[in-house]
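Accompanying notes for the structure given below.
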Amino acid sequence: MQKALNHSNFMDGVKRRNPGEPEFHQAVSEVARDLIPFVKTRPEYEDAQILERLTEPDRIISFRVAWQDDQCNTRVNRGFRVQFNDAIGPYKGGLRFHRDLNLSVLKFLGFEQIFKNSLTGLALGAAKGGANFNPRGKSDNEIMRFCQAFMIELYRYIGPDIDIPAGDLNVGNREIAFLFGQYKRLTHRFNGALTGKSLSLGGSHLRPEATGYGCAYFMKHMLNHRNDSLDGKTCAVSGAGNVALHCAEKLIDLGARVVSLSDSNGTLYVKNGLDRESLDLIKAAKLNRKKPLSALADELKLQYQAGQKPWALPCDLAFPCATENELDGQDAKALVDNGCQAIAEGANMPLTADAQEIIEQARLLYAPGKAANAGGVAVSSLEMSQNTTGLYWSVEEVEHRLEAIMEHIHLECLCQGDGKNYVDYARGANIAAFIKVADAMLAYGVV
Ligand code: NDP
């Protein structure tokens, strides 16, 4: 006999089937908390075991990547692609290169991607991939050889209507160009099998900016919904990569005051707010991987707090834009104590489970990554459309579409998450995203 569906039984099963994968358990648990009570009101979902099927990837591809470094030593890494769910469109999601990358992280990211992609309202399934490759200290030639070796295997599993990877941590324009060059050579095809390409390779305007800009727009909508605005708000931003820098840029343009950026070594603190000129200099140096944040702080005569995170700084709004689990319970408490009103996640799952609980209990506005950072995948989808039609849109056209998509996501979250006095955006995002995917899965029958 089947056990009654409740959070504890469900998570016991997930943990048994996926041992030693804490990040994946954390992501599923957060979603299950909202979805299980909802599914119990819809027997058709429970009968068809939609939740059990949704937490099992369609397939996981794992492969050896052998390459040579500049000294002609042979190096071996492991490549992955987790194709999680293609119920509403071809697989779509980024590639991450990180020394510690493992299946737990990739499954959490792929699982989150199902919900994120569904929320955009676009026809996008979900996947995630990458390699346990550490790009730190590698030369351009080594990065190129690694990317080419990685693609020698990956190309068999991707294509413009099968699976369309993009970038993620440590996979930017440079890596996407190396990957696409090799894909083109192997398949003899110039098509939209990868997004995040630079403009000259068929990319879209604003793809690099999209995740960060979208995150700032999402916060704008949350504040507007409660008759407030970004104007003059003090914002703590973490990270100094693609997402953080563009989020900071849009916040400044929308009238907010950005008081921090950070990296894995510490926090840049600018009490009166970063000006656009300093941000542009930091952006140029960071996005070209030229200098650490501490060196830039010295050059710009700004304060750098080594070993510190930004969350103890007084702020109205917080934007964790660096990496998973970067903001823990203690940080959440500091934010609440300092009067922070709202959090929008630029990164994927940047809050630990206890941080999330503290934020929810304190009734801060909380935009989960699957809603707030969906701008990146949304513009990737616009890149796919442009590649298919061969017609390319202006910066203004793409930004207009990005803004409209972020507004749509905000409305989707409101529909399912609007309580009497408090909008539960996490619940709204989980349920709205789930309905679309679950209905498609029901329609296919048992597959
Ligand atoms: P980048 O590699 O461009 O930048 C990551 C930044 O985070 C770097 O400044 C890095 O500093 C910092 N960082 C990494 N680990 C830590 C840590 N443990 N503590 C503090 N800072 C850290 O990545 P992206 O900006 O592209 O991605 C950031 C996050 O956003 C990730 O969670 C990613 O999955 C998510 N995301 C990205 C999207 C995109 O379009 N790029 C789309 C949706 C989500 P350092 O240089 O010192 O390592």
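Numbering starts fresh at 1 for the residues of each chain in the structure tokens, the chains themselves are lettered A, B, ... in the order given, and ligands are numbered from 1 as they appear.
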- [ ] Enumerate as a ChimeraX atom specification the residues within 8 Å of ligand 1, counting only C-alpha atoms and all ligand atoms.
- [x] /A:94,96,109,167-172,207-212,238-245,262-266,286-287,292-293,309,321-324,326,346-350,369,373-377
With C-alpha atoms retained, write the just-selected residues as an mmCIF file, in the first residue's frame.
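Contents of the output file result-v5.cif:
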```cif
data_model
loop_
_atom_site.group_PDB
_atom_site.id
_atom_site.type_symbol
_atom_site.label_atom_id
_atom_site.label_comp_id
_atom_site.auth_asym_id
_atom_site.auth_seq_id
_atom_site.Cartn_x
_atom_site.Cartn_y
_atom_site.Cartn_z
ATOM 1 C CA GLY A 94 23.242 26.556 -18.247
ATOM 2 C CA ARG A 96 28.798 25.480 -15.005
ATOM 3 C CA LEU A 109 19.921 23.465 -10.450
ATOM 4 C CA GLY A 167 26.402 29.757 -19.585
ATOM 5 C CA ASP A 168 26.449 29.758 -15.781
ATOM 6 C CA LEU A 169 29.246 30.148 -13.222
ATOM 7 C CA ASN A 170 32.579 30.460 -15.059
ATOM 8 C CA VAL A 171 30.973 29.908 -18.448
ATOM 9 C CA GLY A 172 30.621 33.260 -20.186
ATOM 10 C CA ARG A 207 21.804 38.350 -22.812
ATOM 11 C CA PRO A 208 24.723 39.073 -20.435
ATOM 12 C CA GLU A 209 22.707 41.794 -18.706
ATOM 13 C CA ALA A 210 19.391 39.944 -18.606
ATOM 14 C CA THR A 211 19.603 38.010 -15.320
ATOM 15 C CA GLY A 212 20.755 40.988 -13.267
ATOM 16 C CA SER A 238 26.616 40.162 -3.218
ATOM 17 C CA GLY A 239 28.855 38.801 -5.967
ATOM 18 C CA ALA A 240 30.852 40.661 -8.564
ATOM 19 C CA GLY A 241 30.080 38.508 -11.575
ATOM 20 C CA ASN A 242 27.689 38.677 -14.447
ATOM 21 C CA VAL A 243 24.498 38.695 -12.377
ATOM 22 C CA ALA A 244 25.649 40.959 -9.531
ATOM 23 C CA LEU A 245 27.220 43.657 -11.705
ATOM 24 C CA SER A 262 31.462 41.016 -2.988
ATOM 25 C CA ASP A 263 33.544 38.044 -4.043
ATOM 26 C CA SER A 264 34.734 34.887 -2.338
ATOM 27 C CA ASN A 265 37.326 36.895 -0.378
ATOM 28 C CA GLY A 266 35.319 39.797 0.988
ATOM 29 C CA LYS A 286 35.724 41.888 -13.570
ATOM 30 C CA LEU A 287 33.968 40.720 -16.701
ATOM 31 C CA PRO A 292 40.209 40.773 -7.900
ATOM 32 C CA LEU A 293 37.699 43.058 -6.212
ATOM 33 C CA LYS A 309 29.787 39.172 3.600
ATOM 34 C CA CYS A 321 23.801 37.267 -6.569
ATOM 35 C CA ALA A 322 26.889 35.094 -5.945
ATOM 36 C CA THR A 323 26.191 31.404 -5.312
ATOM 37 C CA GLU A 324 24.064 28.784 -3.526
ATOM 38 C CA GLU A 326 25.765 32.092 0.562
ATOM 39 C CA GLY A 346 19.869 36.810 -8.351
ATOM 40 C CA ALA A 347 21.714 33.567 -7.623
ATOM 41 C CA ASN A 348 20.139 30.113 -7.498
ATOM 42 C CA MET A 349 19.158 29.025 -3.959
ATOM 43 C CA PRO A 350 21.455 31.542 -2.213
ATOM 44 C CA GLY A 369 15.571 32.810 -7.693
ATOM 45 C CA ASN A 373 16.560 35.457 -11.894
ATOM 46 C CA ALA A 374 14.490 34.068 -14.771
ATOM 47 C CA GLY A 375 15.406 37.044 -16.978
ATOM 48 C CA GLY A 376 18.532 35.246 -18.189
ATOM 49 C CA VAL A 377 16.768 32.184 -19.510
#
```
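Every protein, DNA or RNA residue with an atom at most 10 Å from segment 294-304 of chain A, where only C-alpha atoms count and chain neighbours fewer than 6 positions away do not, is listed here: Ser260, Leu261, Ser262, Asp263, Asn265, Gly266, Thr267, Leu268, Tyr269, Val270, Lys271, Leu274, Ser278, Leu281, Ile282, Ala285 and Lys286 of chain A.
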Open item on the list: So that I can see what lies close to Gly89 of chain A, please list as a VMD selection string the residues with an atom at most 9 Å from it, counting only C-alpha atoms and leaving out residues fewer than 4 positions away in the same chain.
Closed with: chain A and resid 85 122 to 126 161 to 162
Once you have the residues from the selection above, write them out as a CSV table (one decimal), in the first residue's frame, restricted to C-alpha atoms.
```csv
chain,number,residue,atom,x,y,z
A,85,ASN,CA,12.2,17.6,-17.8
A,122,LEU,CA,7.9,30.3,-22.8
A,123,ALA,CA,8.2,26.8,-24.2
A,124,LEU,CA,11.3,25.7,-22.3
A,125,GLY,CA,12.1,22.4,-20.7
A,126,ALA,CA,14.8,22.2,-18.1
A,161,ASP,CA,15.0,21.5,-30.7
A,162,ILE,CA,16.6,19.0,-28.3
```
Open item on the list: For the structure I just gave you, how does DSSP split segment 55-296 of chain A - specifically, which residues are strand (DSSP E)? Reply as a PyMOL selection string.
Closed with: chain A and resi 59-68+74-85+91-97+126-131+163-166+234-237+257-263+266-269
Task: Proximity to Ala127 of chain A - best of A:Ser8, A:Asn141, A:Ser394, A:Gln83, only C-alpha atoms - done: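 Using only C-alpha atoms, the shortest distance to Ala127 of chain A belongs to A:Gln83.
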Write out as a Markdown table the residues of segment 275-363 of chain A that have any atom within 9 Å of an atom of segment 218-232 of chain A, one row each with the nearest atom pair and its distance in Å to one decimal, counting only C-alpha atoms, sorted by chain and then rising number.
```
| residue | atom | partner | partner_atom | distance |
| --- | --- | --- | --- | --- |
| A:Leu317 | CA | A:Met219 | CA | 8.8 |
| A:Ala342 | CA | A:Met219 | CA | 8.1 |
| A:Ile343 | CA | A:Met219 | CA | 8.0 |
| A:Ala344 | CA | A:Met219 | CA | 6.3 |
```
Open item on the list: List the spatial neighbours of Gln26 of chain A as an MDAnalysis selection string - criterion: any atom at most 9 Å away, only C-alpha atoms, same-chain residues fewer than 6 positions off excluded.
Closed with: chainID A and resid 108 352:353
Please return as a tab-separated table (two decimals) with N, CA and C atoms, in the first residue's frame: the residues of segment 278-359 of chain A that backbone DSSP assigns to alpha helix (DSSP H).
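Wrote it out as selection.tsv, contents follow:
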```tsv
chain	number	residue	atom	x	y	z
A	278	SER	N	32.30	54.35	-11.30
A	278	SER	CA	33.08	53.32	-10.60
A	278	SER	C	32.57	51.94	-10.98
A	279	LEU	N	31.25	51.79	-11.05
A	279	LEU	CA	30.69	50.48	-11.41
A	279	LEU	C	31.16	50.06	-12.80
A	280	ASP	N	31.18	51.01	-13.74
A	280	ASP	CA	31.62	50.67	-15.10
A	280	ASP	C	33.07	50.19	-15.11
A	281	LEU	N	33.91	50.84	-14.30
A	281	LEU	CA	35.31	50.42	-14.23
A	281	LEU	C	35.42	49.00	-13.64
A	282	ILE	N	34.65	48.76	-12.57
A	282	ILE	CA	34.68	47.43	-11.94
A	282	ILE	C	34.18	46.39	-12.94
A	283	LYS	N	33.13	46.75	-13.64
A	283	LYS	CA	32.53	45.82	-14.60
A	283	LYS	C	33.54	45.45	-15.70
A	284	ALA	N	34.17	46.46	-16.24
A	284	ALA	CA	35.13	46.20	-17.33
A	284	ALA	C	36.24	45.27	-16.84
A	285	ALA	N	36.72	45.52	-15.62
A	285	ALA	CA	37.83	44.70	-15.10
A	285	ALA	C	37.35	43.30	-14.72
A	286	LYS	N	36.18	43.19	-14.05
A	286	LYS	CA	35.72	41.89	-13.57
A	286	LYS	C	35.26	40.99	-14.71
A	287	LEU	N	34.51	41.57	-15.65
A	287	LEU	CA	33.97	40.72	-16.70
A	287	LEU	C	35.06	40.23	-17.64
A	293	LEU	N	38.45	41.91	-6.71
A	293	LEU	CA	37.70	43.06	-6.21
A	293	LEU	C	38.54	43.90	-5.24
A	294	SER	N	39.37	43.22	-4.44
A	294	SER	CA	40.18	43.96	-3.45
A	294	SER	C	41.13	44.94	-4.17
A	295	ALA	N	41.71	44.50	-5.28
A	295	ALA	CA	42.64	45.37	-6.01
A	295	ALA	C	41.88	46.55	-6.62
A	296	LEU	N	40.68	46.27	-7.11
A	296	LEU	CA	39.88	47.35	-7.69
A	296	LEU	C	39.47	48.35	-6.62
A	297	ALA	N	39.16	47.83	-5.44
A	297	ALA	CA	38.79	48.72	-4.33
A	297	ALA	C	39.96	49.66	-4.02
A	298	ASP	N	41.17	49.11	-3.98
A	298	ASP	CA	42.36	49.94	-3.72
A	298	ASP	C	42.48	51.04	-4.78
A	299	GLU	N	42.33	50.63	-6.03
A	299	GLU	CA	42.47	51.60	-7.13
A	299	GLU	C	41.45	52.72	-7.04
A	300	LEU	N	40.23	52.35	-6.67
A	300	LEU	CA	39.14	53.35	-6.63
A	300	LEU	C	39.03	54.02	-5.27
A	329	GLY	N	21.50	31.48	8.29
A	329	GLY	CA	20.56	31.96	9.31
A	329	GLY	C	21.05	33.22	10.01
A	330	GLN	N	22.32	33.22	10.35
A	330	GLN	CA	22.89	34.38	11.05
A	330	GLN	C	22.82	35.64	10.16
A	331	ASP	N	23.12	35.46	8.89
A	331	ASP	CA	23.04	36.59	7.95
A	331	ASP	C	21.60	37.08	7.84
A	332	ALA	N	20.67	36.14	7.78
A	332	ALA	CA	19.25	36.51	7.64
A	332	ALA	C	18.82	37.31	8.86
A	333	LYS	N	19.28	36.88	10.02
A	333	LYS	CA	18.91	37.57	11.25
A	333	LYS	C	19.47	39.00	11.23
A	334	ALA	N	20.69	39.13	10.75
A	334	ALA	CA	21.31	40.47	10.68
A	334	ALA	C	20.49	41.36	9.74
A	335	LEU	N	20.06	40.81	8.62
A	335	LEU	CA	19.26	41.60	7.68
A	335	LEU	C	17.96	42.07	8.34
A	336	VAL	N	17.29	41.13	9.01
A	336	VAL	CA	16.02	41.48	9.66
A	336	VAL	C	16.26	42.54	10.74
A	337	ASP	N	17.29	42.32	11.57
A	337	ASP	CA	17.57	43.27	12.66
A	337	ASP	C	17.90	44.66	12.14
A	353	ALA	N	18.26	26.83	4.19
A	353	ALA	CA	16.87	26.57	4.61
A	353	ALA	C	16.53	27.39	5.86
A	354	ASP	N	17.47	27.49	6.82
A	354	ASP	CA	17.13	28.25	8.04
A	354	ASP	C	17.05	29.76	7.76
A	355	ALA	N	17.85	30.24	6.82
A	355	ALA	CA	17.74	31.66	6.45
A	355	ALA	C	16.36	31.93	5.86
A	356	GLN	N	15.91	31.01	5.02
A	356	GLN	CA	14.58	31.19	4.41
A	356	GLN	C	13.49	31.25	5.47
A	357	GLU	N	13.63	30.39	6.46
A	357	GLU	CA	12.61	30.35	7.53
A	357	GLU	C	12.57	31.69	8.28
A	358	ILE	N	13.75	32.22	8.58
A	358	ILE	CA	13.83	33.49	9.32
A	358	ILE	C	13.21	34.62	8.50
A	359	ILE	N	13.50	34.64	7.22
A	359	ILE	CA	12.99	35.68	6.33
A	359	ILE	C	11.46	35.58	6.24
```
Open item on the list: Using only C-alpha atoms for the distances, tell me which of A:Asp439, A:Asp328, A:Met11, A:Tyr91 is nearest to Arg42 of chain A.
Closed with: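 Checking each of A:Asp439, A:Asp328, A:Met11, A:Tyr91 against Arg42 of chain A, counting only C-alpha atoms, the winner is A:Asp439.
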TODO: Just the residues within 12 Å of Cys415 of chain A, please, counting only C-alpha atoms, with nothing from its chain fewer than 6 positions along; format it as a PyMOL selection string.
DONE: chain A and resi 408-409+423-433
- [ ] Would you kindly return, as JSON, numbers by chain, each protein, DNA or RNA residue with an atom no farther than 10 Å from any atom of Gly181 of chain A, considering only C-alpha atoms and excluding same-chain residues fewer than 4 positions away?
- [x] {"A": [144, 147, 148, 151, 175, 176, 177, 185, 186, 190, 201]}
Give me a file of those residues, with all heavy atoms, as a PDB file, in the first residue's frame.
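What landed in selection_3.pdb:
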```pdb
ATOM      1  N   MET A 144      40.258  26.893 -23.998  1.00  0.00           N
ATOM      2  CA  MET A 144      39.779  26.492 -25.334  1.00  0.00           C
ATOM      3  C   MET A 144      39.874  24.971 -25.495  1.00  0.00           C
ATOM      4  O   MET A 144      38.896  24.322 -25.910  1.00  0.00           O
ATOM      5  CB  MET A 144      40.610  27.174 -26.423  1.00  0.00           C
ATOM      6  CG  MET A 144      40.196  26.775 -27.833  1.00  0.00           C
ATOM      7  SD  MET A 144      41.303  27.439 -29.083  1.00  0.00           S
ATOM      8  CE  MET A 144      42.726  26.388 -28.876  1.00  0.00           C
ATOM      9  N   CYS A 147      37.168  23.279 -23.423  1.00  0.00           N
ATOM     10  CA  CYS A 147      35.824  23.443 -24.001  1.00  0.00           C
ATOM     11  C   CYS A 147      35.648  22.539 -25.226  1.00  0.00           C
ATOM     12  O   CYS A 147      34.605  21.914 -25.415  1.00  0.00           O
ATOM     13  CB  CYS A 147      35.572  24.895 -24.408  1.00  0.00           C
ATOM     14  SG  CYS A 147      35.346  25.997 -23.012  1.00  0.00           S
ATOM     15  N   GLN A 148      36.689  22.445 -26.033  1.00  0.00           N
ATOM     16  CA  GLN A 148      36.592  21.607 -27.239  1.00  0.00           C
ATOM     17  C   GLN A 148      36.461  20.134 -26.854  1.00  0.00           C
ATOM     18  O   GLN A 148      35.643  19.403 -27.437  1.00  0.00           O
ATOM     19  CB  GLN A 148      37.829  21.845 -28.126  1.00  0.00           C
ATOM     20  CG  GLN A 148      37.815  23.242 -28.743  1.00  0.00           C
ATOM     21  CD  GLN A 148      39.056  23.571 -29.547  1.00  0.00           C
ATOM     22  OE1 GLN A 148      40.091  22.912 -29.424  1.00  0.00           O
ATOM     23  NE2 GLN A 148      38.963  24.608 -30.366  1.00  0.00           N
ATOM     24  N   MET A 151      32.952  19.460 -25.577  1.00  0.00           N
ATOM     25  CA  MET A 151      31.919  19.439 -26.612  1.00  0.00           C
ATOM     26  C   MET A 151      31.996  18.182 -27.480  1.00  0.00           C
ATOM     27  O   MET A 151      30.983  17.742 -28.040  1.00  0.00           O
ATOM     28  CB  MET A 151      32.025  20.709 -27.474  1.00  0.00           C
ATOM     29  CG  MET A 151      30.924  20.869 -28.497  1.00  0.00           C
ATOM     30  SD  MET A 151      29.245  20.731 -27.809  1.00  0.00           S
ATOM     31  CE  MET A 151      28.981  22.367 -27.158  1.00  0.00           C
ATOM     32  N   GLU A 175      33.768  31.167 -23.180  1.00  0.00           N
ATOM     33  CA  GLU A 175      33.607  29.709 -23.167  1.00  0.00           C
ATOM     34  C   GLU A 175      32.527  29.291 -24.167  1.00  0.00           C
ATOM     35  O   GLU A 175      32.668  28.282 -24.864  1.00  0.00           O
ATOM     36  CB  GLU A 175      33.235  29.222 -21.757  1.00  0.00           C
ATOM     37  CG  GLU A 175      34.349  29.336 -20.721  1.00  0.00           C
ATOM     38  CD  GLU A 175      34.623  30.755 -20.247  1.00  0.00           C
ATOM     39  OE1 GLU A 175      33.757  31.631 -20.465  1.00  0.00           O
ATOM     40  OE2 GLU A 175      35.696  31.000 -19.673  1.00  0.00           O
ATOM     41  N   ILE A 176      31.431  30.080 -24.218  1.00  0.00           N
ATOM     42  CA  ILE A 176      30.344  29.732 -25.150  1.00  0.00           C
ATOM     43  C   ILE A 176      30.881  29.784 -26.591  1.00  0.00           C
ATOM     44  O   ILE A 176      30.535  28.932 -27.426  1.00  0.00           O
ATOM     45  CB  ILE A 176      29.133  30.678 -24.965  1.00  0.00           C
ATOM     46  CG1 ILE A 176      28.473  30.441 -23.596  1.00  0.00           C
ATOM     47  CG2 ILE A 176      28.122  30.517 -26.094  1.00  0.00           C
ATOM     48  CD1 ILE A 176      27.698  29.141 -23.437  1.00  0.00           C
ATOM     49  N   ALA A 177      31.745  30.744 -26.883  1.00  0.00           N
ATOM     50  CA  ALA A 177      32.306  30.836 -28.241  1.00  0.00           C
ATOM     51  C   ALA A 177      33.162  29.596 -28.547  1.00  0.00           C
ATOM     52  O   ALA A 177      33.052  29.008 -29.627  1.00  0.00           O
ATOM     53  CB  ALA A 177      33.131  32.109 -28.382  1.00  0.00           C
ATOM     54  N   ARG A 185      31.927  22.743 -35.790  1.00  0.00           N
ATOM     55  CA  ARG A 185      32.893  21.925 -36.518  1.00  0.00           C
ATOM     56  C   ARG A 185      32.437  20.456 -36.545  1.00  0.00           C
ATOM     57  O   ARG A 185      32.544  19.777 -37.556  1.00  0.00           O
ATOM     58  CB  ARG A 185      34.247  22.046 -35.809  1.00  0.00           C
ATOM     59  CG  ARG A 185      35.376  21.373 -36.536  1.00  0.00           C
ATOM     60  CD  ARG A 185      36.700  21.964 -36.139  1.00  0.00           C
ATOM     61  NE  ARG A 185      37.014  21.691 -34.739  1.00  0.00           N
ATOM     62  CZ  ARG A 185      38.227  21.806 -34.225  1.00  0.00           C
ATOM     63  NH1 ARG A 185      39.224  22.226 -34.981  1.00  0.00           N
ATOM     64  NH2 ARG A 185      38.465  21.548 -32.967  1.00  0.00           N
ATOM     65  N   LEU A 186      31.885  19.984 -35.414  1.00  0.00           N
ATOM     66  CA  LEU A 186      31.500  18.574 -35.328  1.00  0.00           C
ATOM     67  C   LEU A 186      30.218  18.266 -36.094  1.00  0.00           C
ATOM     68  O   LEU A 186      30.051  17.165 -36.614  1.00  0.00           O
ATOM     69  CB  LEU A 186      31.314  18.175 -33.844  1.00  0.00           C
ATOM     70  CG  LEU A 186      32.589  18.143 -33.005  1.00  0.00           C
ATOM     71  CD1 LEU A 186      32.248  18.113 -31.518  1.00  0.00           C
ATOM     72  CD2 LEU A 186      33.433  16.926 -33.377  1.00  0.00           C
ATOM     73  N   PHE A 190      25.386  25.631 -38.391  1.00  0.00           N
ATOM     74  CA  PHE A 190      25.367  26.906 -37.658  1.00  0.00           C
ATOM     75  C   PHE A 190      23.937  27.107 -37.224  1.00  0.00           C
ATOM     76  O   PHE A 190      23.080  27.470 -38.026  1.00  0.00           O
ATOM     77  CB  PHE A 190      25.830  28.053 -38.578  1.00  0.00           C
ATOM     78  CG  PHE A 190      26.109  29.334 -37.832  1.00  0.00           C
ATOM     79  CD1 PHE A 190      27.399  29.850 -37.768  1.00  0.00           C
ATOM     80  CD2 PHE A 190      25.087  30.018 -37.187  1.00  0.00           C
ATOM     81  CE1 PHE A 190      27.662  31.025 -37.072  1.00  0.00           C
ATOM     82  CE2 PHE A 190      25.349  31.194 -36.491  1.00  0.00           C
ATOM     83  CZ  PHE A 190      26.638  31.694 -36.437  1.00  0.00           C
ATOM     84  N   LEU A 201      28.444  36.155 -33.126  1.00  0.00           N
ATOM     85  CA  LEU A 201      28.205  34.725 -33.383  1.00  0.00           C
ATOM     86  C   LEU A 201      26.711  34.411 -33.441  1.00  0.00           C
ATOM     87  O   LEU A 201      26.316  33.248 -33.385  1.00  0.00           O
ATOM     88  CB  LEU A 201      28.861  33.874 -32.293  1.00  0.00           C
ATOM     89  CG  LEU A 201      30.339  34.109 -32.006  1.00  0.00           C
ATOM     90  CD1 LEU A 201      30.838  33.130 -30.948  1.00  0.00           C
ATOM     91  CD2 LEU A 201      31.163  33.966 -33.268  1.00  0.00           C
TER      92      LEU A 201
END
```
TODO: With a distance cut-off of 6 Å and only C-alpha atoms, select the neighbouring residues of segment 99-102 of chain A, excluding the residue or stretch itself and same-chain residues fewer than 6 positions from it, and output the selection as a list of chain:residue names.
DONE: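 Using only C-alpha atoms, the neighbours found are A:Asn132, A:Phe133, A:Asn134.
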- [ ] Figure out the distance between atom CA of Glu249 of chain A and atom CA of Met406 of chain A, please, to one decimal in Å.
- [x]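 Going from atom CA of Met406 of chain A over to atom CA of Glu249 of chain A covers 17.0 Å.
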